[in-house]
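Chemist: My file is upload.cif. It has mmCIF, C-alpha atoms and all ligand atoms:
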data_upload
#
loop_
_atom_site.group_PDB
_atom_site.id
_atom_site.type_symbol
_atom_site.label_atom_id
_atom_site.label_comp_id
_atom_site.auth_asym_id
_atom_site.auth_seq_id
_atom_site.Cartn_x
_atom_site.Cartn_y
_atom_site.Cartn_z
ATOM 1 C CA MET A 36 22.835 -12.281 2.498
ATOM 2 C CA SER A 37 23.105 -9.775 -0.361
ATOM 3 C CA LYS A 38 22.722 -6.045 0.241
ATOM 4 C CA PRO A 39 19.510 -4.170 -0.589
ATOM 5 C CA GLU A 40 19.408 -2.387 -3.949
ATOM 6 C CA PHE A 41 19.201 0.996 -2.169
ATOM 7 C CA SER A 42 20.335 2.279 1.222
ATOM 8 C CA LYS A 43 18.181 4.269 3.661
ATOM 9 C CA GLU A 44 20.310 7.311 2.838
ATOM 10 C CA GLN A 45 19.523 7.077 -0.885
ATOM 11 C CA VAL A 46 15.817 6.429 -0.658
ATOM 12 C CA ASN A 47 13.038 7.193 1.855
ATOM 13 C CA VAL A 48 10.319 4.575 1.803
ATOM 14 C CA VAL A 49 7.104 5.031 3.775
ATOM 15 C CA PHE A 50 4.769 2.037 3.771
ATOM 16 C CA VAL A 51 1.091 3.028 3.728
ATOM 17 C CA LEU A 52 -1.044 0.214 5.126
ATOM 18 C CA GLY A 53 -4.704 -0.158 6.067
ATOM 19 C CA GLY A 54 -7.782 -2.142 5.147
ATOM 20 C CA PRO A 55 -9.503 -2.080 1.746
ATOM 21 C CA GLY A 56 -11.150 1.319 1.362
ATOM 22 C CA ALA A 57 -9.464 2.877 4.401
ATOM 23 C CA GLY A 58 -8.322 5.793 2.217
ATOM 24 C CA LYS A 59 -4.707 4.912 1.403
ATOM 25 C CA GLY A 60 -4.890 6.071 -2.207
ATOM 26 C CA THR A 61 -6.829 9.239 -1.335
ATOM 27 C CA GLN A 62 -4.301 10.372 1.269
ATOM 28 C CA CYS A 63 -1.285 9.465 -0.871
ATOM 29 C CA SER A 64 -2.658 11.573 -3.751
ATOM 30 C CA LYS A 65 -2.944 14.550 -1.415
ATOM 31 C CA LEU A 66 0.593 14.084 -0.100
ATOM 32 C CA VAL A 67 1.959 14.016 -3.642
ATOM 33 C CA GLN A 68 0.393 17.425 -4.311
ATOM 34 C CA ASP A 69 2.026 19.079 -1.296
ATOM 35 C CA HIS A 70 5.291 17.143 -0.868
ATOM 36 C CA ASP A 71 8.010 15.693 -3.046
ATOM 37 C CA PHE A 72 6.790 12.093 -3.006
ATOM 38 C CA VAL A 73 6.371 9.442 -5.660
ATOM 39 C CA HIS A 74 3.191 7.456 -4.961
ATOM 40 C CA LEU A 75 3.450 3.778 -5.850
ATOM 41 C CA SER A 76 0.286 1.767 -5.240
ATOM 42 C CA ALA A 77 1.075 -1.954 -5.379
ATOM 43 C CA GLY A 78 -2.537 -2.622 -6.395
ATOM 44 C CA ASP A 79 -2.348 -0.067 -9.234
ATOM 45 C CA LEU A 80 0.925 -1.566 -10.473
ATOM 46 C CA LEU A 81 -0.636 -5.035 -10.426
ATOM 47 C CA ARG A 82 -3.764 -3.819 -12.255
ATOM 48 C CA ALA A 83 -1.586 -2.139 -14.905
ATOM 49 C CA GLU A 84 0.408 -5.341 -15.371
ATOM 50 C CA GLN A 85 -2.848 -7.298 -15.595
ATOM 51 C CA ALA A 86 -4.038 -4.983 -18.388
ATOM 52 C CA ARG A 87 -0.704 -4.924 -20.256
ATOM 53 C CA ASP A 88 -0.809 -6.629 -23.663
ATOM 54 C CA GLY A 89 1.400 -9.695 -23.651
ATOM 55 C CA SER A 90 1.687 -9.953 -19.858
ATOM 56 C CA GLU A 91 2.389 -13.553 -18.879
ATOM 57 C CA VAL A 92 0.945 -13.059 -15.414
ATOM 58 C CA GLY A 93 -2.199 -11.034 -16.281
ATOM 59 C CA ALA A 94 -4.664 -13.893 -15.795
ATOM 60 C CA LEU A 95 -2.986 -14.953 -12.558
ATOM 61 C CA ILE A 96 -3.172 -11.409 -11.166
ATOM 62 C CA LYS A 97 -6.852 -11.105 -12.065
ATOM 63 C CA HIS A 98 -7.596 -14.346 -10.220
ATOM 64 C CA TYR A 99 -5.790 -13.293 -7.057
ATOM 65 C CA ILE A 100 -7.330 -9.809 -7.020
ATOM 66 C CA THR A 101 -10.890 -11.027 -7.579
ATOM 67 C CA GLU A 102 -10.449 -13.602 -4.805
ATOM 68 C CA GLY A 103 -8.970 -10.970 -2.478
ATOM 69 C CA LEU A 104 -5.761 -12.989 -2.204
ATOM 70 C CA ILE A 105 -2.179 -11.761 -2.175
ATOM 71 C CA VAL A 106 -0.384 -12.115 -5.513
ATOM 72 C CA PRO A 107 2.916 -14.055 -5.149
ATOM 73 C CA GLN A 108 5.566 -11.673 -3.854
ATOM 74 C CA GLU A 109 8.016 -12.148 -6.744
ATOM 75 C CA ILE A 110 5.622 -10.368 -9.102
ATOM 76 C CA THR A 111 4.789 -7.422 -6.844
ATOM 77 C CA ILE A 112 8.319 -6.824 -5.594
ATOM 78 C CA GLN A 113 9.681 -6.800 -9.117
ATOM 79 C CA LEU A 114 7.041 -4.250 -10.204
ATOM 80 C CA LEU A 115 7.851 -2.039 -7.205
ATOM 81 C CA ASN A 116 11.609 -2.382 -7.601
ATOM 82 C CA ASN A 117 11.384 -1.417 -11.294
ATOM 83 C CA ALA A 118 9.187 1.577 -10.501
ATOM 84 C CA ILE A 119 11.515 2.794 -7.727
ATOM 85 C CA LYS A 120 14.586 2.410 -9.939
ATOM 86 C CA GLU A 121 12.910 4.314 -12.743
ATOM 87 C CA SER A 122 11.944 7.227 -10.475
ATOM 88 C CA TYR A 123 15.313 7.211 -8.693
ATOM 89 C CA GLY A 124 16.927 7.567 -12.103
ATOM 90 C CA ARG A 125 14.875 10.755 -12.516
ATOM 91 C CA GLY A 126 16.199 12.140 -9.242
ATOM 92 C CA LYS A 127 13.327 11.078 -6.964
ATOM 93 C CA HIS A 128 14.136 9.923 -3.445
ATOM 94 C CA ASN A 129 10.879 9.851 -1.452
ATOM 95 C CA PHE A 130 8.387 7.048 -1.975
ATOM 96 C CA LEU A 131 4.944 6.242 -0.592
ATOM 97 C CA ILE A 132 4.429 2.522 -1.062
ATOM 98 C CA ASP A 133 0.657 2.148 -0.831
ATOM 99 C CA GLY A 134 -0.967 -1.198 0.028
ATOM 100 C CA PHE A 135 2.288 -3.083 0.472
ATOM 101 C CA PRO A 136 3.648 -5.143 2.216
ATOM 102 C CA ARG A 137 0.474 -7.049 3.072
ATOM 103 C CA LYS A 138 2.035 -10.416 3.896
ATOM 104 C CA MET A 139 5.029 -11.205 6.117
ATOM 105 C CA ASP A 140 7.174 -12.704 3.362
ATOM 106 C CA GLN A 141 6.816 -9.488 1.327
ATOM 107 C CA ALA A 142 7.799 -7.302 4.281
ATOM 108 C CA ILE A 143 10.981 -9.250 4.917
ATOM 109 C CA THR A 144 12.017 -9.715 1.272
ATOM 110 C CA PHE A 145 11.394 -6.084 0.288
ATOM 111 C CA GLU A 146 13.533 -4.728 3.109
ATOM 112 C CA GLU A 147 16.305 -7.249 2.367
ATOM 113 C CA VAL A 148 16.318 -6.848 -1.387
ATOM 114 C CA VAL A 149 15.089 -3.314 -2.192
ATOM 115 C CA VAL A 150 15.441 -0.916 0.775
ATOM 116 C CA PRO A 151 14.538 -0.836 4.480
ATOM 117 C CA SER A 152 11.484 1.334 5.197
ATOM 118 C CA LYS A 153 11.610 4.522 7.284
ATOM 119 C CA PHE A 154 8.233 4.105 8.957
ATOM 120 C CA VAL A 155 4.663 2.925 8.430
ATOM 121 C CA LEU A 156 1.443 4.914 8.200
ATOM 122 C CA PHE A 157 -1.368 2.630 9.316
ATOM 123 C CA PHE A 158 -4.895 3.714 8.442
ATOM 124 C CA ASP A 159 -7.303 2.316 10.982
ATOM 125 C CA CYS A 160 -10.931 2.201 9.844
ATOM 126 C CA PRO A 161 -14.007 0.160 10.874
ATOM 127 C CA GLU A 162 -15.140 -2.455 8.337
ATOM 128 C CA THR A 163 -18.641 -0.990 8.132
ATOM 129 C CA VAL A 164 -17.195 2.324 6.948
ATOM 130 C CA MET A 165 -14.833 0.662 4.482
ATOM 131 C CA MET A 166 -17.656 -1.474 3.070
ATOM 132 C CA GLU A 167 -19.823 1.612 2.508
ATOM 133 C CA ARG A 168 -16.993 3.468 0.775
ATOM 134 C CA LEU A 169 -16.094 0.563 -1.489
ATOM 135 C CA MET A 170 -19.692 -0.170 -2.492
ATOM 136 C CA GLU A 171 -20.117 3.497 -3.388
ATOM 137 C CA ARG A 172 -16.849 3.551 -5.336
ATOM 138 C CA GLY A 173 -17.806 0.264 -7.020
ATOM 139 C CA LYS A 174 -20.620 2.032 -8.881
ATOM 140 C CA THR A 175 -18.000 3.692 -11.100
ATOM 141 C CA SER A 176 -14.541 2.223 -10.384
ATOM 142 C CA GLY A 177 -14.680 -0.722 -12.802
ATOM 143 C CA ARG A 178 -12.478 -2.657 -10.363
ATOM 144 C CA ASP A 179 -12.892 -6.449 -10.457
ATOM 145 C CA ASP A 180 -12.852 -6.538 -6.649
ATOM 146 C CA ASP A 181 -15.351 -3.759 -5.774
ATOM 147 C CA ASN A 182 -18.305 -6.101 -5.192
ATOM 148 C CA VAL A 183 -19.681 -7.531 -1.936
ATOM 149 C CA GLU A 184 -18.223 -11.017 -2.442
ATOM 150 C CA SER A 185 -14.696 -9.814 -3.221
ATOM 151 C CA ILE A 186 -14.810 -7.116 -0.533
ATOM 152 C CA LYS A 187 -15.632 -9.699 2.160
ATOM 153 C CA LYS A 188 -12.711 -11.831 0.968
ATOM 154 C CA ARG A 189 -10.426 -8.778 1.028
ATOM 155 C CA PHE A 190 -11.459 -8.019 4.628
ATOM 156 C CA LYS A 191 -10.687 -11.606 5.667
ATOM 157 C CA THR A 192 -7.254 -11.534 4.006
ATOM 158 C CA PHE A 193 -6.529 -8.180 5.596
ATOM 159 C CA GLU A 194 -7.308 -9.431 9.110
ATOM 160 C CA GLU A 195 -5.578 -12.796 8.771
ATOM 161 C CA THR A 196 -2.594 -11.980 6.578
ATOM 162 C CA SER A 197 -1.932 -8.241 6.584
ATOM 163 C CA MET A 198 -2.541 -7.276 10.226
ATOM 164 C CA PRO A 199 0.421 -9.463 11.321
ATOM 165 C CA VAL A 200 2.607 -7.214 9.131
ATOM 166 C CA VAL A 201 1.332 -4.108 10.936
ATOM 167 C CA GLU A 202 2.018 -5.833 14.274
ATOM 168 C CA TYR A 203 5.523 -6.805 13.133
ATOM 169 C CA PHE A 204 6.373 -3.157 12.396
ATOM 170 C CA GLU A 205 4.586 -2.004 15.551
ATOM 171 C CA LYS A 206 6.988 -4.121 17.619
ATOM 172 C CA GLN A 207 9.825 -2.202 15.933
ATOM 173 C CA GLY A 208 8.204 1.114 16.959
ATOM 174 C CA LYS A 209 7.772 2.094 13.307
ATOM 175 C CA VAL A 210 3.980 2.477 13.067
ATOM 176 C CA VAL A 211 1.985 5.716 13.180
ATOM 177 C CA ARG A 212 -1.681 4.778 13.595
ATOM 178 C CA ILE A 213 -4.179 7.129 12.001
ATOM 179 C CA VAL A 214 -7.909 6.985 12.613
ATOM 180 C CA CYS A 215 -9.618 7.238 9.214
ATOM 181 C CA ASP A 216 -13.298 7.368 10.044
ATOM 182 C CA LYS A 217 -13.288 11.162 9.590
ATOM 183 C CA PRO A 218 -13.495 13.609 6.691
ATOM 184 C CA VAL A 219 -10.586 13.420 4.220
ATOM 185 C CA ASP A 220 -9.071 16.759 5.261
ATOM 186 C CA GLU A 221 -9.095 15.864 8.956
ATOM 187 C CA VAL A 222 -7.338 12.600 8.257
ATOM 188 C CA TYR A 223 -4.871 14.489 6.088
ATOM 189 C CA LYS A 224 -3.897 16.838 8.923
ATOM 190 C CA GLU A 225 -2.781 13.821 10.963
ATOM 191 C CA VAL A 226 -1.008 12.313 7.976
ATOM 192 C CA GLU A 227 0.965 15.492 7.353
ATOM 193 C CA ARG A 228 1.883 15.776 11.019
ATOM 194 C CA ALA A 229 3.282 12.233 10.935
ATOM 195 C CA ILE A 230 5.264 12.920 7.770
ATOM 196 C CA ASN A 231 6.735 16.137 9.156
ATOM 197 C CA GLU A 232 7.696 14.469 12.426
ATOM 198 C CA LYS A 233 9.101 11.234 11.065
ATOM 199 C CA LEU A 234 10.889 12.180 7.880
HETATM 200 N N1 LIG B 1 -12.762 7.901 0.813
HETATM 201 C C1 LIG B 1 -11.447 7.855 1.136
HETATM 202 N N2 LIG B 1 -11.202 8.495 2.286
HETATM 203 C C2 LIG B 1 -12.392 8.956 2.728
HETATM 204 C C3 LIG B 1 -12.798 9.705 3.895
HETATM 205 N N3 LIG B 1 -11.927 10.104 4.844
HETATM 206 N N4 LIG B 1 -14.110 9.994 4.041
HETATM 207 C C4 LIG B 1 -15.028 9.593 3.103
HETATM 208 N N5 LIG B 1 -14.701 8.895 1.968
HETATM 209 C C5 LIG B 1 -13.401 8.581 1.791
HETATM 210 O O1 LIG B 1 -10.755 5.230 -0.867
HETATM 211 C C6 LIG B 1 -11.832 4.353 -1.069
HETATM 212 C C7 LIG B 1 -13.096 5.165 -1.304
HETATM 213 O O2 LIG B 1 -13.415 5.884 -0.128
HETATM 214 C C8 LIG B 1 -12.933 6.226 -2.396
HETATM 215 O O3 LIG B 1 -14.124 6.304 -3.127
HETATM 216 C C9 LIG B 1 -12.648 7.520 -1.635
HETATM 217 O O4 LIG B 1 -13.098 8.656 -2.313
HETATM 218 C C10 LIG B 1 -13.414 7.298 -0.344
HETATM 219 P P1 LIG B 1 -9.282 4.889 -1.373
HETATM 220 O O5 LIG B 1 -8.426 6.049 -1.051
HETATM 221 O O6 LIG B 1 -9.320 4.387 -2.752
HETATM 222 O O7 LIG B 1 -8.936 3.679 -0.365
HETATM 223 P P2 LIG B 1 -7.795 2.594 -0.420
HETATM 224 O O8 LIG B 1 -7.400 2.337 0.987
HETATM 225 O O9 LIG B 1 -6.747 2.988 -1.385
HETATM 226 O O10 LIG B 1 -8.671 1.382 -0.965
HETATM 227 P P3 LIG B 1 -8.318 0.234 -1.980
HETATM 228 O O11 LIG B 1 -9.599 -0.367 -2.396
HETATM 229 O O12 LIG B 1 -7.400 0.712 -3.052
HETATM 230 O O13 LIG B 1 -7.536 -0.727 -1.003
HETATM 231 P P4 LIG B 1 -7.083 -2.188 -1.196
HETATM 232 O O14 LIG B 1 -6.010 -2.352 -0.214
HETATM 233 O O15 LIG B 1 -8.189 -3.161 -1.108
HETATM 234 O O16 LIG B 1 -6.643 -2.228 -2.728
HETATM 235 P P5 LIG B 1 -5.230 -2.343 -3.434
HETATM 236 O O17 LIG B 1 -5.369 -1.716 -4.759
HETATM 237 O O18 LIG B 1 -4.163 -1.910 -2.533
HETATM 238 O O19 LIG B 1 -5.124 -3.912 -3.616
HETATM 239 C C11 LIG B 1 -6.073 -4.609 -4.389
HETATM 240 C C12 LIG B 1 -5.713 -6.064 -4.468
HETATM 241 O O20 LIG B 1 -4.442 -6.207 -5.120
HETATM 242 C C13 LIG B 1 -5.536 -6.796 -3.138
HETATM 243 O O21 LIG B 1 -6.765 -7.200 -2.587
HETATM 244 C C14 LIG B 1 -4.686 -7.981 -3.578
HETATM 245 O O22 LIG B 1 -5.453 -8.953 -4.207
HETATM 246 C C15 LIG B 1 -3.773 -7.332 -4.614
HETATM 247 N N6 LIG B 1 -2.484 -6.922 -4.026
HETATM 248 C C16 LIG B 1 -1.514 -7.911 -3.847
HETATM 249 O O23 LIG B 1 -1.730 -9.085 -4.157
HETATM 250 N N7 LIG B 1 -0.320 -7.551 -3.324
HETATM 251 C C17 LIG B 1 -0.017 -6.280 -2.958
HETATM 252 O O24 LIG B 1 1.097 -6.037 -2.495
HETATM 253 C C18 LIG B 1 -1.008 -5.274 -3.138
HETATM 254 C C19 LIG B 1 -2.225 -5.632 -3.674
HETATM 255 MG MG MG B 2 -5.954 2.092 -3.150
#
Is it possible to give me this structure as structure tokens?

Modeler:
Amino acid sequence: MSKPEFSKEQVNVVFVLGGPGAGKGTQCSKLVQDHDFVHLSAGDLLRAEQARDGSEVGALIKHYITEGLIVPQEITIQLLNNAIKESYGRGKHNFLIDGFPRKMDQAITFEEVVVPSKFVLFFDCPETVMMERLMERGKTSGRDDDNVESIKKRFKTFEETSMPVVEYFEKQGKVVRIVCDKPVDEVYKEVERAINEKL
């Protein structure tokens, strides 16, 4: 087996997982303001690739996202690897990888090929709360997947495909579970505590 691109000494990777609308992006943005992190949202990278003129995989990405399905790992891992390399070249070492890995194959390949993660922040939030947040955001977000049909599909994929990833890391003792059904700043206090303890 080949070595990962980066070692754990060179790069700190924190995976930020949780259901659609749990608040991953919101909390990562706050962490970036107060700490020396680069925030890489796999969903944002995929949406940017979808919108890029001349992208050969744009239509495929749009289909997967609208259906709430997981885009084939080759595409997402390459986008993440490129983004990490680019930031590392600018002297950055700490990365929040938001919304990834959300399928077992991605978890294993990323750690084999790019870098093993340090730990996982898992945002735990009831579906009713996430649905409310996403429907509200959908009024202005312009996201192809912020509508009831897509949201229900995203919830199903999260339960069936992404929760096994959380359980896989839980067995390794790498997961910090954070309850997210609280105001943003209260959630953030717990997030910061986890970061200060674990990194
Ligand atoms: N909000 C946030 N926190 C709040 C709080 N504590 N109290 C009250 N309101 C709160 O938040 C969502 C909304 O809730 C916002 O309006 C916010 O103000 C409010 P946000 O921080 O955006 O939540 P987040 O968890 O980031 O929700 P998001 O919709 O981005 O999560 P998803 O996981 O669904 O989306 P992502 O962009 O990661 O992925 C989209 C799709 O891309 C996937 O469904 C999949 O098709 C594809 N994908 C892949 O195929 N592979 C990947 O590796 C990643 C994505
Ligand atoms: Mg997000």

Chemist: CA of Ser76 (chain A) and atom C16 of ligand LIG 1 (chain B), how far apart in Å?

Modeler: 9.9 Å

Chemist: Taking the file above as input, evaluate the PyMOL selection byres (((chain A and resi 214) around 7) and not hetatm) and report the hits as a PyMOL selection string.

Modeler: chain A and resi 158-160+212-213+215-216

Chemist: Can you tell me which residues surround Ser64 (chain A) at a distance of at most 12 Å, considering only C-alpha atoms, apart from same-chain residues fewer than 2 positions away, and format the answer as a ChimeraX atom specification?

Modeler: /A:51,58-62,66-76,131-133,219,223,226

Chemist: From the set A:Ile105, A:Ala77, A:Ser122, A:Arg168, which residue has the shortest atom-to-atom contact distance to Asp181 (chain A), counting only C-alpha atoms?

Modeler: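 The answer is A:Arg168, which sits nearest to Asp181 (chain A).
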
Chemist: For region 197-207 of chain A, take all atoms listed in the file, fit an axis-aligned box around them, add 3 Å to each of the six sides, then output centre and edge lengths in Å rounded to one decimal, as AutoDock Vina command-line options.

Modeler:
--center_x 3.6 --center_y -5.7 --center_z 12.1 --size_x 18.4 --size_y 13.5 --size_z 17.0

Chemist: Write out, as a tab-separated table, each residue of region 43-134 of chain A that has an atom at most 9 Å from region 161-167 of chain A, together with the closest pair of atoms and their distance in Å to one decimal, counting all atoms listed in the file, rows going by chain and rising number.

Modeler:
residue	atom	partner	partner_atom	distance
A:Gly54	CA	A:Met165	CA	7.6
A:Pro55	CA	A:Met165	CA	6.6
A:Gly56	CA	A:Met165	CA	4.9
A:Ala57	CA	A:Met165	CA	5.8
A:Gly58	CA	A:Met165	CA	8.6

Chemist: How would you write, as number ranges by chain, the residues chosen by the PyMOL selection byres (((chain A and resi 103) around 6) and not hetatm) on this structure?

Modeler: A: 100-102, 104, 185, 188-189

Chemist: In terms of the shortest atom-to-atom distance over only C-alpha atoms and all ligand atoms, which of A:Phe145, A:Tyr123, A:Tyr99, A:Phe154 is closest to ligand LIG 1 (chain B)?

Modeler: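 Looking only at the distances to ligand LIG 1 (chain B), the closest residue turns out to be A:Tyr99.
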
Chemist: Could you state the separation of CA of Glu171 (chain A) and CA of Asp220 (chain A) in Å, given to one decimal place?

Modeler: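 So the two atoms, CA of Glu171 (chain A) and CA of Asp220 (chain A), lie 19.3 Å apart.
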
Chemist: For Asn47 (chain A), find every residue with an atom within 10 Å (counting only C-alpha atoms), except residues of its own chain fewer than 2 positions away, and show them as number ranges by chain.

Modeler: A: 41-45, 49-50, 72, 127-131, 150-154, 234

Chemist: Given the choices A:Lys191, A:Lys209, A:Arg172, A:Arg87, which gets closest to ligand LIG 1 (chain B) if the distance is worked out from all atoms listed in the file?

Modeler: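 Of A:Lys191, A:Lys209, A:Arg172, A:Arg87, the one nearest ligand LIG 1 (chain B) is A:Arg172, counting all atoms listed in the file.
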
Chemist: Looking at A:Phe190, A:Phe157, A:Phe204, A:Phe135, which one is nearest to ligand LIG 1 (chain B), with distances taken over only C-alpha atoms and all ligand atoms?

Modeler: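 When distances to ligand LIG 1 (chain B) are compared using only C-alpha atoms and all ligand atoms, the smallest one comes from A:Phe135.
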
Chemist: Quick one: of A:Glu195, A:Glu147, A:Glu221, A:Asp180, who's nearest to ligand MG 2 (chain B), counting all atoms listed in the file?

Modeler: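 Closest to ligand MG 2 (chain B) of all the choices is A:Asp180.
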
Chemist: Given the choices A:Thr175, A:Asn117, A:Asn231, A:Gln207, which gets closest to ligand LIG 1 (chain B) if the distance is worked out from all atoms listed in the file?

Modeler: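 Looking only at the distances to ligand LIG 1 (chain B), the closest residue turns out to be A:Thr175.
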
Chemist: Quick one: everything within 8 Å of Arg137 (chain A), counting all atoms listed in the file, minus sequence neighbours fewer than 6 positions away in the same chain. Send it as a PDB file with C-alpha atoms, in the frame of the given file.

Modeler:
ATOM      1  CA  LEU A  52      -1.044   0.214   5.126  1.00  0.00           C
ATOM      2  CA  ILE A 105      -2.179 -11.761  -2.175  1.00  0.00           C
ATOM      3  CA  PHE A 193      -6.529  -8.180   5.596  1.00  0.00           C
ATOM      4  CA  THR A 196      -2.594 -11.980   6.578  1.00  0.00           C
ATOM      5  CA  SER A 197      -1.932  -8.241   6.584  1.00  0.00           C
ATOM      6  CA  MET A 198      -2.541  -7.276  10.226  1.00  0.00           C
ATOM      7  CA  VAL A 200       2.607  -7.214   9.131  1.00  0.00           C
TER       8      VAL A 200
END

Chemist: Could you please determine the separation between CA of Ile186 (chain A) and atom C19 of ligand LIG 1 (chain B) in Å, to one decimal place?

Modeler: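 Taking CA of Ile186 (chain A) and atom C19 of ligand LIG 1 (chain B), their separation equals 13.1 Å.
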
Chemist: List, as number ranges by chain, every residue that the PyMOL selection byres (((chain A and resi 109) around 12) and not hetatm) selects in the file provided.

Modeler: A: 81, 92, 105-108, 110-116, 140-141, 144-145, 148

Chemist: Include C-alpha atoms and write out the residues we just selected as a CSV table (one decimal), in the coordinates of the input.

Modeler:
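What landed in selection33.csv:
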chain,number,residue,atom,x,y,z
A,81,LEU,CA,-0.6,-5.0,-10.4
A,92,VAL,CA,0.9,-13.1,-15.4
A,105,ILE,CA,-2.2,-11.8,-2.2
A,106,VAL,CA,-0.4,-12.1,-5.5
A,107,PRO,CA,2.9,-14.1,-5.1
A,108,GLN,CA,5.6,-11.7,-3.9
A,110,ILE,CA,5.6,-10.4,-9.1
A,111,THR,CA,4.8,-7.4,-6.8
A,112,ILE,CA,8.3,-6.8,-5.6
A,113,GLN,CA,9.7,-6.8,-9.1
A,114,LEU,CA,7.0,-4.2,-10.2
A,115,LEU,CA,7.9,-2.0,-7.2
A,116,ASN,CA,11.6,-2.4,-7.6
A,140,ASP,CA,7.2,-12.7,3.4
A,141,GLN,CA,6.8,-9.5,1.3
A,144,THR,CA,12.0,-9.7,1.3
A,145,PHE,CA,11.4,-6.1,0.3
A,148,VAL,CA,16.3,-6.8,-1.4

Chemist: Can you list, as a list of chain:residue names, every protein, DNA or RNA residue that comes within 8 Å of Gln85 (chain A) when you count only C-alpha atoms, leaving out same-chain residues fewer than 6 positions away?

Modeler: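 The residues that qualify are A:Val92, A:Gly93, A:Ala94, A:Ile96, A:Lys97.
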
Chemist: Starting from the sparse input, extend region 109-114 of chain A to all heavy atoms and give the output as a short mmCIF file (atom, residue, chain, number, x, y, z; two decimals), in the coordinates of the input.

Modeler:
data_model
loop_
_atom_site.label_atom_id
_atom_site.label_comp_id
_atom_site.auth_asym_id
_atom_site.auth_seq_id
_atom_site.Cartn_x
_atom_site.Cartn_y
_atom_site.Cartn_z
N GLU A 109 7.02 -12.40 -5.69
CA GLU A 109 8.02 -12.15 -6.74
C GLU A 109 7.50 -11.12 -7.74
O GLU A 109 8.23 -10.23 -8.20
CB GLU A 109 8.36 -13.44 -7.52
CG GLU A 109 9.04 -14.51 -6.71
CD GLU A 109 8.11 -15.24 -5.75
OE1 GLU A 109 6.86 -15.17 -5.89
OE2 GLU A 109 8.63 -15.87 -4.83
N ILE A 110 6.22 -11.24 -8.08
CA ILE A 110 5.62 -10.37 -9.10
C ILE A 110 5.56 -8.94 -8.57
O ILE A 110 6.02 -7.99 -9.22
CB ILE A 110 4.20 -10.87 -9.46
CG1 ILE A 110 4.29 -12.25 -10.11
CG2 ILE A 110 3.48 -9.86 -10.37
CD1 ILE A 110 2.94 -12.92 -10.36
N THR A 111 5.02 -8.77 -7.38
CA THR A 111 4.79 -7.42 -6.84
C THR A 111 6.11 -6.73 -6.53
O THR A 111 6.28 -5.53 -6.82
CB THR A 111 3.92 -7.52 -5.57
OG1 THR A 111 2.85 -8.43 -5.82
CG2 THR A 111 3.37 -6.17 -5.18
N ILE A 112 7.05 -7.46 -5.96
CA ILE A 112 8.32 -6.82 -5.59
C ILE A 112 9.08 -6.40 -6.84
O ILE A 112 9.67 -5.32 -6.88
CB ILE A 112 9.14 -7.75 -4.67
CG1 ILE A 112 8.43 -7.84 -3.31
CG2 ILE A 112 10.57 -7.23 -4.50
CD1 ILE A 112 9.06 -8.72 -2.29
N GLN A 113 9.01 -7.21 -7.88
CA GLN A 113 9.68 -6.80 -9.12
C GLN A 113 9.05 -5.52 -9.70
O GLN A 113 9.75 -4.61 -10.13
CB GLN A 113 9.62 -7.92 -10.15
CG GLN A 113 10.17 -7.45 -11.49
CD GLN A 113 10.82 -8.55 -12.29
OE1 GLN A 113 10.45 -9.72 -12.15
NE2 GLN A 113 11.77 -8.20 -13.12
N LEU A 114 7.72 -5.46 -9.68
CA LEU A 114 7.04 -4.25 -10.20
C LEU A 114 7.45 -3.02 -9.38
O LEU A 114 7.75 -1.96 -9.94
CB LEU A 114 5.52 -4.43 -10.16
CG LEU A 114 4.91 -5.43 -11.16
CD1 LEU A 114 3.44 -5.69 -10.82
CD2 LEU A 114 5.04 -4.92 -12.59
#
